[in-house]
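Novice: Pasting input16.cif below, which is mmCIF, C-alpha atoms.
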data_protein
#
loop_
_atom_site.label_atom_id
_atom_site.label_comp_id
_atom_site.auth_asym_id
_atom_site.auth_seq_id
_atom_site.Cartn_x
_atom_site.Cartn_y
_atom_site.Cartn_z
CA MET A 1 -177.36 -138.87 77.36
CA THR A 2 -180.71 -137.35 78.24
CA ARG A 3 -183.40 -139.96 78.82
CA ILE A 4 -186.83 -138.97 77.55
CA ALA A 5 -190.25 -140.40 78.41
CA VAL A 6 -192.92 -139.44 75.87
CA ILE A 7 -196.34 -139.78 77.49
CA GLY A 8 -198.74 -140.26 74.60
CA GLY A 9 -198.07 -142.16 71.39
CA GLY A 10 -200.38 -140.18 69.08
CA ARG A 11 -199.30 -138.20 66.02
CA ILE A 12 -197.40 -135.53 67.95
CA GLY A 13 -195.71 -138.05 70.23
CA GLU A 14 -194.75 -140.16 67.25
CA ALA A 15 -193.44 -137.13 65.37
CA LEU A 16 -191.25 -136.18 68.32
CA ILE A 17 -189.89 -139.72 68.63
CA ALA A 18 -189.15 -139.93 64.90
CA GLY A 19 -187.37 -136.58 64.93
CA LEU A 20 -185.29 -137.46 67.98
CA LEU A 21 -184.16 -140.76 66.47
CA GLU A 22 -183.43 -139.07 63.14
CA SER A 23 -181.25 -136.51 64.95
CA GLY A 24 -179.16 -139.27 66.51
CA ARG A 25 -180.82 -139.95 69.84
CA ALA A 26 -180.27 -143.52 70.98
CA VAL A 27 -183.24 -145.89 71.07
CA LYS A 28 -182.31 -146.92 74.60
CA ASP A 29 -182.80 -143.33 75.80
CA LEU A 30 -186.45 -143.17 74.73
CA VAL A 31 -189.60 -144.72 76.15
CA VAL A 32 -193.20 -144.04 75.18
CA VAL A 33 -196.34 -144.44 77.26
CA GLU A 34 -199.24 -145.75 75.19
CA THR A 35 -202.34 -147.27 76.77
CA HIS A 36 -203.74 -148.68 73.52
CA ALA A 37 -201.99 -152.00 72.91
CA ASP A 38 -202.38 -151.96 69.12
CA ARG A 39 -200.91 -148.50 68.85
CA GLY A 40 -198.09 -149.47 71.20
CA GLU A 41 -197.20 -152.41 68.96
CA VAL A 42 -197.06 -150.11 65.93
CA LEU A 43 -194.64 -147.76 67.68
CA ALA A 44 -192.47 -150.59 68.98
CA ASP A 45 -192.24 -152.18 65.53
CA ARG A 46 -191.63 -148.88 63.74
CA PHE A 47 -188.98 -147.45 66.04
CA GLY A 48 -187.72 -150.34 68.16
CA ILE A 49 -188.31 -148.34 71.32
CA ARG A 50 -189.63 -149.53 74.66
CA VAL A 51 -193.37 -149.08 75.06
CA THR A 52 -195.22 -149.19 78.37
CA ASP A 53 -198.76 -148.44 79.48
CA SER A 54 -197.54 -147.09 82.83
CA VAL A 55 -196.65 -143.45 83.40
CA THR A 56 -195.03 -144.41 86.70
CA ASP A 57 -192.84 -147.02 84.98
CA ALA A 58 -191.76 -144.60 82.24
CA SER A 59 -190.86 -141.86 84.71
CA VAL A 60 -188.21 -144.00 86.39
CA GLY A 61 -184.81 -142.78 85.19
CA ALA A 62 -186.28 -140.19 82.78
CA ASP A 63 -184.80 -136.69 82.63
CA LEU A 64 -187.61 -135.22 80.53
CA LEU A 65 -191.24 -136.22 81.04
CA VAL A 66 -193.02 -135.09 77.88
CA ILE A 67 -196.82 -134.85 78.03
CA ALA A 68 -198.05 -135.35 74.46
CA VAL A 69 -201.73 -136.04 75.09
CA LYS A 70 -204.93 -134.12 74.45
CA PRO A 71 -205.70 -131.37 76.99
CA GLY A 72 -208.61 -133.40 78.35
CA ASP A 73 -206.27 -136.26 79.25
CA VAL A 74 -203.75 -134.15 81.16
CA ASP A 75 -205.38 -134.60 84.56
CA ALA A 76 -205.16 -138.39 84.27
CA VAL A 77 -201.46 -138.12 83.41
CA LEU A 78 -200.85 -135.80 86.36
CA ALA A 79 -202.66 -138.21 88.65
CA ASP A 80 -200.36 -141.01 87.50
CA LEU A 81 -197.29 -138.81 87.91
CA GLY A 82 -198.47 -138.12 91.46
CA LYS A 83 -197.92 -141.81 92.18
CA ALA A 84 -194.37 -141.75 90.81
CA GLU A 85 -191.25 -140.88 92.76
CA LEU A 86 -190.34 -137.73 90.87
CA GLY A 87 -187.18 -135.74 91.36
CA GLY A 88 -184.88 -137.56 93.73
CA ASP A 89 -181.30 -137.57 92.49
CA ARG A 90 -182.35 -136.77 88.87
CA ASP A 91 -182.84 -133.26 87.53
CA GLN A 92 -186.24 -134.06 86.01
CA VAL A 93 -188.34 -131.62 83.98
CA LEU A 94 -191.97 -131.87 82.90
CA VAL A 95 -192.51 -130.72 79.30
CA SER A 96 -196.13 -130.16 78.28
CA LEU A 97 -197.22 -130.14 74.64
CA ALA A 98 -200.89 -130.02 75.71
CA ALA A 99 -202.50 -126.96 74.15
CA GLY A 100 -203.97 -124.36 76.48
CA VAL A 101 -202.81 -125.88 79.76
CA PRO A 102 -200.99 -123.24 81.88
CA THR A 103 -197.77 -124.13 83.68
CA ALA A 104 -199.34 -123.09 87.00
CA ARG A 105 -201.95 -125.82 86.70
CA LEU A 106 -199.24 -128.41 86.09
CA GLU A 107 -197.00 -127.10 88.89
CA ASN A 108 -199.89 -127.26 91.37
CA LYS A 109 -200.28 -130.99 90.74
CA LEU A 110 -196.56 -131.79 91.04
CA PRO A 111 -194.13 -131.84 93.98
CA ALA A 112 -193.28 -128.36 95.24
CA GLY A 113 -190.73 -126.61 93.02
CA PHE A 114 -190.89 -129.18 90.22
CA PRO A 115 -189.75 -127.53 86.94
CA VAL A 116 -192.25 -127.28 84.09
CA VAL A 117 -191.79 -126.06 80.52
CA ARG A 118 -194.83 -125.37 78.34
CA VAL A 119 -194.59 -125.93 74.58
CA MET A 120 -196.82 -124.96 71.67
CA SER A 121 -195.84 -126.91 68.55
CA ASN A 122 -197.66 -127.25 65.25
CA THR A 123 -198.38 -130.10 62.87
CA PRO A 124 -195.41 -129.58 60.49
CA MET A 125 -193.48 -131.28 63.30
CA LEU A 126 -194.71 -134.45 61.57
CA VAL A 127 -192.24 -133.79 58.73
CA GLY A 128 -189.46 -132.28 60.86
CA GLN A 129 -190.47 -128.69 60.04
CA GLY A 130 -192.42 -127.76 63.14
CA MET A 131 -192.46 -124.41 64.90
CA SER A 132 -192.14 -125.01 68.63
CA VAL A 133 -192.50 -122.14 71.08
CA VAL A 134 -191.42 -122.75 74.68
CA SER A 135 -192.16 -120.93 77.92
CA PRO A 136 -190.59 -121.72 81.29
CA GLY A 137 -192.67 -122.16 84.42
CA ARG A 138 -191.75 -120.60 87.74
CA TYR A 139 -189.18 -123.21 88.68
CA ALA A 140 -187.55 -124.06 85.33
CA LYS A 141 -183.88 -123.08 85.19
CA ALA A 142 -182.04 -121.68 82.19
CA ASP A 143 -180.11 -124.89 81.52
CA GLN A 144 -183.34 -126.91 81.67
CA LEU A 145 -184.97 -124.58 79.15
CA ASP A 146 -181.92 -124.95 76.91
CA LEU A 147 -182.20 -128.73 77.12
CA VAL A 148 -185.87 -128.70 76.12
CA SER A 149 -185.10 -126.35 73.22
CA GLU A 150 -182.30 -128.64 72.07
CA VAL A 151 -184.62 -131.65 72.08
CA LEU A 152 -187.35 -129.84 70.13
CA ASP A 153 -184.81 -128.58 67.63
CA ALA A 154 -184.82 -132.13 66.23
CA VAL A 155 -188.32 -131.57 64.78
CA GLY A 156 -188.10 -127.98 63.56
CA LYS A 157 -187.31 -124.54 64.90
CA VAL A 158 -187.65 -123.27 68.46
CA VAL A 159 -188.42 -119.85 69.93
CA VAL A 160 -188.62 -118.91 73.63
CA VAL A 161 -191.33 -116.46 74.78
CA PRO A 162 -192.93 -115.49 78.11
CA GLU A 163 -196.01 -117.57 78.87
CA THR A 164 -198.15 -114.42 78.66
CA GLN A 165 -197.58 -114.53 74.88
CA MET A 166 -198.67 -118.16 74.44
CA ASP A 167 -202.22 -117.26 73.39
CA ALA A 168 -200.85 -115.06 70.60
CA VAL A 169 -198.45 -117.85 69.62
CA THR A 170 -201.36 -120.27 69.44
CA ALA A 171 -203.19 -117.89 67.11
CA VAL A 172 -200.20 -117.35 64.81
CA SER A 173 -198.26 -120.61 64.56
CA GLY A 174 -200.29 -123.15 66.51
CA SER A 175 -203.36 -122.67 64.32
CA GLY A 176 -201.32 -121.24 61.44
CA PRO A 177 -201.07 -124.40 59.31
CA ALA A 178 -204.87 -124.41 58.96
CA TYR A 179 -204.83 -120.89 57.50
CA PHE A 180 -202.13 -121.96 55.08
CA PHE A 181 -204.07 -125.04 54.00
CA LEU A 182 -207.21 -122.95 53.48
CA VAL A 183 -205.30 -120.58 51.17
CA VAL A 184 -203.90 -123.56 49.25
CA GLU A 185 -207.36 -125.08 48.97
CA ALA A 186 -208.80 -121.80 47.68
CA MET A 187 -206.02 -121.33 45.11
CA VAL A 188 -206.33 -124.90 43.84
CA ASP A 189 -210.08 -124.51 43.45
CA ALA A 190 -209.53 -121.24 41.60
CA GLY A 191 -206.99 -122.93 39.32
CA VAL A 192 -209.51 -125.63 38.49
CA GLY A 193 -212.01 -122.89 37.73
CA LEU A 194 -209.52 -121.45 35.25
CA GLY A 195 -209.38 -124.75 33.38
CA LEU A 196 -206.44 -126.59 35.01
CA THR A 197 -206.77 -130.16 36.19
CA ARG A 198 -206.87 -130.51 39.97
CA ASP A 199 -203.58 -132.45 39.94
CA VAL A 200 -201.77 -129.75 37.96
CA ALA A 201 -203.31 -126.94 40.01
CA THR A 202 -202.25 -128.69 43.23
CA GLN A 203 -198.67 -129.13 42.02
CA LEU A 204 -198.46 -125.48 40.96
CA VAL A 205 -199.83 -124.14 44.22
CA VAL A 206 -197.89 -126.43 46.58
CA GLN A 207 -194.52 -125.86 44.89
CA THR A 208 -195.18 -122.14 44.70
CA MET A 209 -195.84 -122.11 48.45
CA VAL A 210 -192.77 -124.23 49.24
CA GLY A 211 -190.51 -122.16 47.00
CA SER A 212 -191.84 -118.85 48.27
CA ALA A 213 -191.30 -119.88 51.90
CA ALA A 214 -187.74 -120.97 51.10
CA LEU A 215 -187.05 -117.69 49.28
CA LEU A 216 -188.43 -115.68 52.19
CA GLU A 217 -186.29 -117.57 54.70
CA GLU A 218 -183.05 -117.72 52.71
CA SER A 219 -183.10 -114.23 51.19
CA GLY A 220 -183.48 -112.45 54.51
CA GLN A 221 -185.72 -109.90 52.79
CA HIS A 222 -189.00 -108.60 54.15
CA ALA A 223 -192.13 -110.20 52.75
CA ALA A 224 -193.33 -106.82 51.50
CA ASP A 225 -190.12 -106.34 49.50
CA LEU A 226 -190.40 -109.78 47.90
CA ARG A 227 -194.03 -109.13 47.06
CA ALA A 228 -193.10 -105.82 45.45
CA ALA A 229 -190.40 -107.53 43.38
CA VAL A 230 -193.02 -109.81 41.81
CA THR A 231 -195.51 -107.01 41.22
CA SER A 232 -194.91 -105.21 37.92
CA PRO A 233 -196.82 -101.93 37.40
CA ALA A 234 -200.24 -102.62 35.85
CA GLY A 235 -199.32 -106.30 35.51
CA THR A 236 -201.12 -109.53 36.31
CA THR A 237 -199.91 -109.69 39.92
CA ALA A 238 -200.98 -106.10 40.56
CA ALA A 239 -204.44 -106.93 39.24
CA ALA A 240 -204.73 -109.97 41.50
CA LEU A 241 -203.46 -108.16 44.60
CA ARG A 242 -205.93 -105.34 44.01
CA GLU A 243 -208.77 -107.86 44.21
CA LEU A 244 -207.37 -109.47 47.35
CA GLU A 245 -207.10 -106.09 49.04
CA ARG A 246 -210.61 -105.23 47.89
CA GLY A 247 -211.78 -108.48 49.46
CA GLY A 248 -210.26 -107.43 52.78
CA VAL A 249 -207.65 -110.16 53.05
CA ARG A 250 -205.57 -108.22 55.60
CA SER A 251 -208.49 -107.38 57.87
CA ALA A 252 -209.77 -110.95 57.57
CA PHE A 253 -206.46 -112.32 58.85
CA LEU A 254 -206.37 -109.72 61.61
CA GLU A 255 -209.85 -110.66 62.80
CA ALA A 256 -209.13 -114.37 62.44
CA LEU A 257 -206.00 -114.24 64.60
CA HIS A 258 -207.74 -112.10 67.21
CA ALA A 259 -210.55 -114.68 67.35
CA ALA A 260 -208.04 -117.54 67.72
CA LYS A 261 -206.20 -115.71 70.50
CA GLN A 262 -209.44 -115.02 72.37
CA ARG A 263 -210.49 -118.65 72.09
CA SER A 264 -207.09 -119.74 73.40
CA ILE A 265 -207.55 -117.44 76.40
CA GLU A 266 -210.98 -118.93 77.07
CA GLN A 267 -209.65 -122.48 76.86
CA GLY A 268 -206.81 -121.63 79.23
CA VAL A 269 -209.23 -120.23 81.80
CA ALA A 270 -211.38 -123.34 81.51
CA ALA A 271 -208.29 -125.52 82.00
CA GLU A 272 -207.32 -123.89 85.30
#
Using structure tokens, write down the structure from this file.
Specialist:
Amino acid sequence: MTRIAVIGGGRIGEALIAGLLESGRAVKDLVVVETHADRGEVLADRFGIRVTDSVTDASVGADLLVIAVKPGDVDAVLADLGKAELGGDRDQVLVSLAAGVPTARLENKLPAGFPVVRVMSNTPMLVGQGMSVVSPGRYAKADQLDLVSEVLDAVGKVVVVPETQMDAVTAVSGSGPAYFFLVVEAMVDAGVGLGLTRDVATQLVVQTMVGSAALLEESGQHAADLRAAVTSPAGTTAAALRELERGGVRSAFLEALHAAKQRSIEQGVAAE
């Protein structure tokens, strides 16, 4: 079995661990690095896994070294990995979930030719419904990329793209949950304004979102076709959509995603 060291026991690290165990990974094949003792105790009690505060210790015998820390903490992790005996007789791979950190920066801090895979996941990973996008570095082989994809499949869906598309991915799916939550918030507030209680409005909006996403995925139809099927001529939906179009909802999303992509580019440059 693949042995996995998760470096960082925060929400994303915990979500990955929970998903891996739920998918059948053995407890003995997982170790988490957590420098905060209280947090480490929580993870050990919750999952029964081994917790250590040493990156060097966790890297021994690990096939996948998963960096699940904030971008600002990556350099400290890389410094610790520099003290470890990486590679050797194991086909080790570094997997980075740190937003905005290019594979080249990671590769430059590791032994020559060490394989790196960059990942952009989003917060629905916390409930096993994440969207993870992976990009191989210069030295990652096809079977290593397949292994990383298989591991991430335990917490949602996985797509492989060239690293040049990672800024666009960040804008669409990385930041995407926030756009979704803003729309939900706006619809709930509008429902309250129409006289519904906040609890009822929330239930209506959330289930409508969940059901619509399921219909879109399972029907295989284009979103525009499903929208048209709900929109009767001169009906209530047509009236609502006319106002949304008048308010520039499409152009607002276009500008928002362009802004997110540009900010991702700027953060990547700063990280190099």
Novice: Which one of A:Asp153, A:Glu245, A:Glu107, A:Asp167 sits closest to Tyr139 (chain A) if you count all atoms listed in the file?
Specialist: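 Closest candidate: A:Glu107.
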Novice: Report the residues retrieved by the PyMOL selection byres ((chain A and resi 257) around 10) from the displayed file, expressed as a ChimeraX atom specification.
Specialist: /A:168-172,175-176,179,251-256,258-263
Novice: Can you turn the PyMOL selection byres ((chain A and resi 38-47) around 9) into a concrete residue list for this file, as a PyMOL selection string?
Specialist: chain A and resi 9-10+14+17-18+21+27+32-37+48-53
Novice: With distances taken over only C-alpha atoms, which residue among A:Ala68, A:Ala154, A:Val148, A:Val205 lies nearest Leu182 (chain A)?
Specialist: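 Ranked by minimum distance to Leu182 (chain A), first place goes to A:Val205.
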Novice: Name the closest residue to Leu30 (chain A) among the candidates A:Val151, A:Val206, A:Leu126, A:Leu86; distances are taken between atoms, counting all atoms listed in the file.
Specialist: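 For Leu30 (chain A), the nearest of the given residues is A:Val151.
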Novice: Please, what distance in Å, to one decimal, runs between CA of Lys70 (chain A) and CA of Lys28 (chain A)?
Specialist: 26.0 Å
Novice: Of the residues A:Ala62, A:Val93, A:Ala270, A:Ile4, which is the one nearest to Leu16 (chain A), using all atoms listed in the file?
Specialist: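 Counting all atoms listed in the file, the residue closest to Leu16 (chain A) is A:Ile4.
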Novice: Select, from A:Gly82, A:Gly156, A:Gly24, A:Gly61, the residue with the minimum atom-to-atom distance to Leu110 (chain A), counting all atoms listed in the file.
Specialist: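 For Leu110 (chain A), the nearest of the candidates is A:Gly82.
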Novice: Would you list the contacts of region 211-214 of chain A as a PyMOL selection string, taking every protein, DNA or RNA residue within 12 Å and counting all atoms listed in the file, but skipping same-chain residues closer than 5 positions in sequence?
Specialist: chain A and resi 180+203-206+219-223+226-227+230
Novice: Grab the residues selected above and save them as a short mmCIF file (atom, residue, chain, number, x, y, z; two decimals), in the coordinates of the input with C-alpha atoms.
Specialist:
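Final file, out19.cif:
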data_model
loop_
_atom_site.label_atom_id
_atom_site.label_comp_id
_atom_site.auth_asym_id
_atom_site.auth_seq_id
_atom_site.Cartn_x
_atom_site.Cartn_y
_atom_site.Cartn_z
CA PHE A 180 -202.13 -121.96 55.08
CA GLN A 203 -198.67 -129.13 42.02
CA LEU A 204 -198.46 -125.48 40.96
CA VAL A 205 -199.83 -124.14 44.22
CA VAL A 206 -197.89 -126.43 46.58
CA SER A 219 -183.10 -114.23 51.19
CA GLY A 220 -183.48 -112.45 54.51
CA GLN A 221 -185.72 -109.90 52.79
CA HIS A 222 -189.00 -108.60 54.15
CA ALA A 223 -192.13 -110.20 52.75
CA LEU A 226 -190.40 -109.78 47.90
CA ARG A 227 -194.03 -109.13 47.06
CA VAL A 230 -193.02 -109.81 41.81
#
Novice: Pick out the residues sitting within 7 Å of Arg118 (chain A), and hand them over as a PyMOL selection string; count all atoms listed in the file, and ignore anything fewer than 5 positions along from it in its own chain.
Specialist: chain A and resi 95-97+103+134-136
Novice: May I ask which of the residues A:Pro71, A:Pro115, A:Gly247, A:Gly13 is the closest one to Gln144 (chain A), counting all atoms listed in the file?
Specialist: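 Going through A:Pro71, A:Pro115, A:Gly247, A:Gly13 one by one, the smallest distance to Gln144 (chain A) is for A:Pro115.
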Novice: Could you check how far CA of Leu196 (chain A) sits from CA of Ala238 (chain A), in Å to one decimal?
Specialist: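 The value is 21.9 Å.
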Novice: Would you work out the distance separating CA of Leu147 (chain A) from CA of Val159 (chain A), expressed in Å to one decimal?
Specialist: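 So the answer is 13.0 Å.
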Novice: Would you pick out the contacts of Pro124 (chain A) at 10 Å or less, using all atoms listed in the file, so that residues sharing its chain but fewer than 5 positions from it are not included, and give the list as a list of chain:residue names?
Specialist: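 Here the qualifying residues turn out to be A:Ile12, A:Ala15, A:Gln129, A:Gly130, A:Met131, A:Ser132, A:Val155, A:Gly156, A:Pro177.
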Novice: Write a file of the just-selected residues containing C-alpha atoms, as a PDB file, in the frame of the given file.
Specialist:
ATOM      1  CA  ILE A  12    -197.400-135.530  67.950  1.00  0.00           C
ATOM      2  CA  ALA A  15    -193.440-137.130  65.370  1.00  0.00           C
ATOM      3  CA  GLN A 129    -190.470-128.690  60.040  1.00  0.00           C
ATOM      4  CA  GLY A 130    -192.420-127.760  63.140  1.00  0.00           C
ATOM      5  CA  MET A 131    -192.460-124.410  64.900  1.00  0.00           C
ATOM      6  CA  SER A 132    -192.140-125.010  68.630  1.00  0.00           C
ATOM      7  CA  VAL A 155    -188.320-131.570  64.780  1.00  0.00           C
ATOM      8  CA  GLY A 156    -188.100-127.980  63.560  1.00  0.00           C
ATOM      9  CA  PRO A 177    -201.070-124.400  59.310  1.00  0.00           C
TER      10      PRO A 177
END
Novice: All heavy atoms for region 176-187 of chain A, written as a short mmCIF file (atom, residue, chain, number, x, y, z; two decimals), in the frame of the given file, could you do that?
Specialist:
data_model
loop_
_atom_site.label_atom_id
_atom_site.label_comp_id
_atom_site.auth_asym_id
_atom_site.auth_seq_id
_atom_site.Cartn_x
_atom_site.Cartn_y
_atom_site.Cartn_z
N GLY A 176 -201.77 -121.74 62.73
CA GLY A 176 -201.32 -121.24 61.44
C GLY A 176 -201.39 -122.20 60.27
O GLY A 176 -201.78 -121.81 59.17
N PRO A 177 -201.00 -123.48 60.44
CA PRO A 177 -201.07 -124.40 59.31
C PRO A 177 -202.47 -124.48 58.69
O PRO A 177 -202.61 -124.64 57.47
CB PRO A 177 -200.65 -125.74 59.91
CG PRO A 177 -199.71 -125.35 61.01
CD PRO A 177 -200.31 -124.11 61.60
N ALA A 178 -203.51 -124.35 59.50
CA ALA A 178 -204.87 -124.41 58.96
C ALA A 178 -205.15 -123.24 58.04
O ALA A 178 -205.82 -123.40 57.00
CB ALA A 178 -205.90 -124.44 60.10
N TYR A 179 -204.63 -122.05 58.38
CA TYR A 179 -204.83 -120.89 57.50
C TYR A 179 -204.12 -121.15 56.16
O TYR A 179 -204.65 -120.85 55.09
CB TYR A 179 -204.26 -119.61 58.11
CG TYR A 179 -204.52 -119.39 59.58
CD1 TYR A 179 -203.60 -118.69 60.36
CD2 TYR A 179 -205.68 -119.86 60.20
CE1 TYR A 179 -203.81 -118.46 61.70
CE2 TYR A 179 -205.90 -119.64 61.56
CZ TYR A 179 -204.95 -118.95 62.30
OH TYR A 179 -205.17 -118.74 63.64
N PHE A 180 -202.93 -121.66 56.27
CA PHE A 180 -202.13 -121.96 55.08
C PHE A 180 -202.87 -122.95 54.18
O PHE A 180 -202.98 -122.76 52.96
CB PHE A 180 -200.78 -122.51 55.52
CG PHE A 180 -199.90 -122.99 54.40
CD1 PHE A 180 -199.05 -122.11 53.74
CD2 PHE A 180 -199.91 -124.31 54.00
CE1 PHE A 180 -198.23 -122.55 52.71
CE2 PHE A 180 -199.09 -124.77 52.97
CZ PHE A 180 -198.26 -123.88 52.33
N PHE A 181 -203.38 -124.02 54.79
CA PHE A 181 -204.07 -125.04 54.00
C PHE A 181 -205.35 -124.49 53.38
O PHE A 181 -205.72 -124.89 52.27
CB PHE A 181 -204.39 -126.25 54.87
CG PHE A 181 -203.17 -126.95 55.42
CD1 PHE A 181 -203.14 -127.43 56.72
CD2 PHE A 181 -202.04 -127.13 54.64
CE1 PHE A 181 -202.02 -128.07 57.23
CE2 PHE A 181 -200.91 -127.76 55.14
CZ PHE A 181 -200.90 -128.23 56.44
N LEU A 182 -206.01 -123.56 54.05
CA LEU A 182 -207.21 -122.95 53.48
C LEU A 182 -206.85 -122.12 52.25
O LEU A 182 -207.57 -122.16 51.23
CB LEU A 182 -207.90 -122.06 54.53
CG LEU A 182 -209.14 -121.31 54.06
CD1 LEU A 182 -210.22 -122.29 53.61
CD2 LEU A 182 -209.67 -120.40 55.17
N VAL A 183 -205.75 -121.37 52.32
CA VAL A 183 -205.30 -120.58 51.17
C VAL A 183 -204.95 -121.50 50.00
O VAL A 183 -205.31 -121.24 48.85
CB VAL A 183 -204.10 -119.69 51.55
CG1 VAL A 183 -203.49 -119.05 50.31
CG2 VAL A 183 -204.53 -118.61 52.54
N VAL A 184 -204.24 -122.59 50.31
CA VAL A 184 -203.90 -123.56 49.25
C VAL A 184 -205.17 -124.12 48.62
O VAL A 184 -205.29 -124.21 47.39
CB VAL A 184 -203.02 -124.70 49.82
CG1 VAL A 184 -202.89 -125.83 48.80
CG2 VAL A 184 -201.65 -124.18 50.22
N GLU A 185 -206.11 -124.52 49.46
CA GLU A 185 -207.36 -125.08 48.97
C GLU A 185 -208.08 -124.09 48.04
O GLU A 185 -208.57 -124.46 46.96
CB GLU A 185 -208.26 -125.43 50.16
CG GLU A 185 -209.58 -126.07 49.80
CD GLU A 185 -210.44 -126.34 51.02
OE1 GLU A 185 -209.98 -126.09 52.16
OE2 GLU A 185 -211.58 -126.80 50.83
N ALA A 186 -208.12 -122.82 48.47
CA ALA A 186 -208.80 -121.80 47.68
C ALA A 186 -208.09 -121.57 46.34
O ALA A 186 -208.74 -121.42 45.29
CB ALA A 186 -208.87 -120.49 48.46
N MET A 187 -206.77 -121.55 46.34
CA MET A 187 -206.02 -121.33 45.11
C MET A 187 -206.15 -122.51 44.15
O MET A 187 -206.27 -122.33 42.93
CB MET A 187 -204.54 -121.07 45.42
CG MET A 187 -204.28 -119.72 46.05
SD MET A 187 -202.51 -119.41 46.34
CE MET A 187 -201.89 -119.35 44.64
#
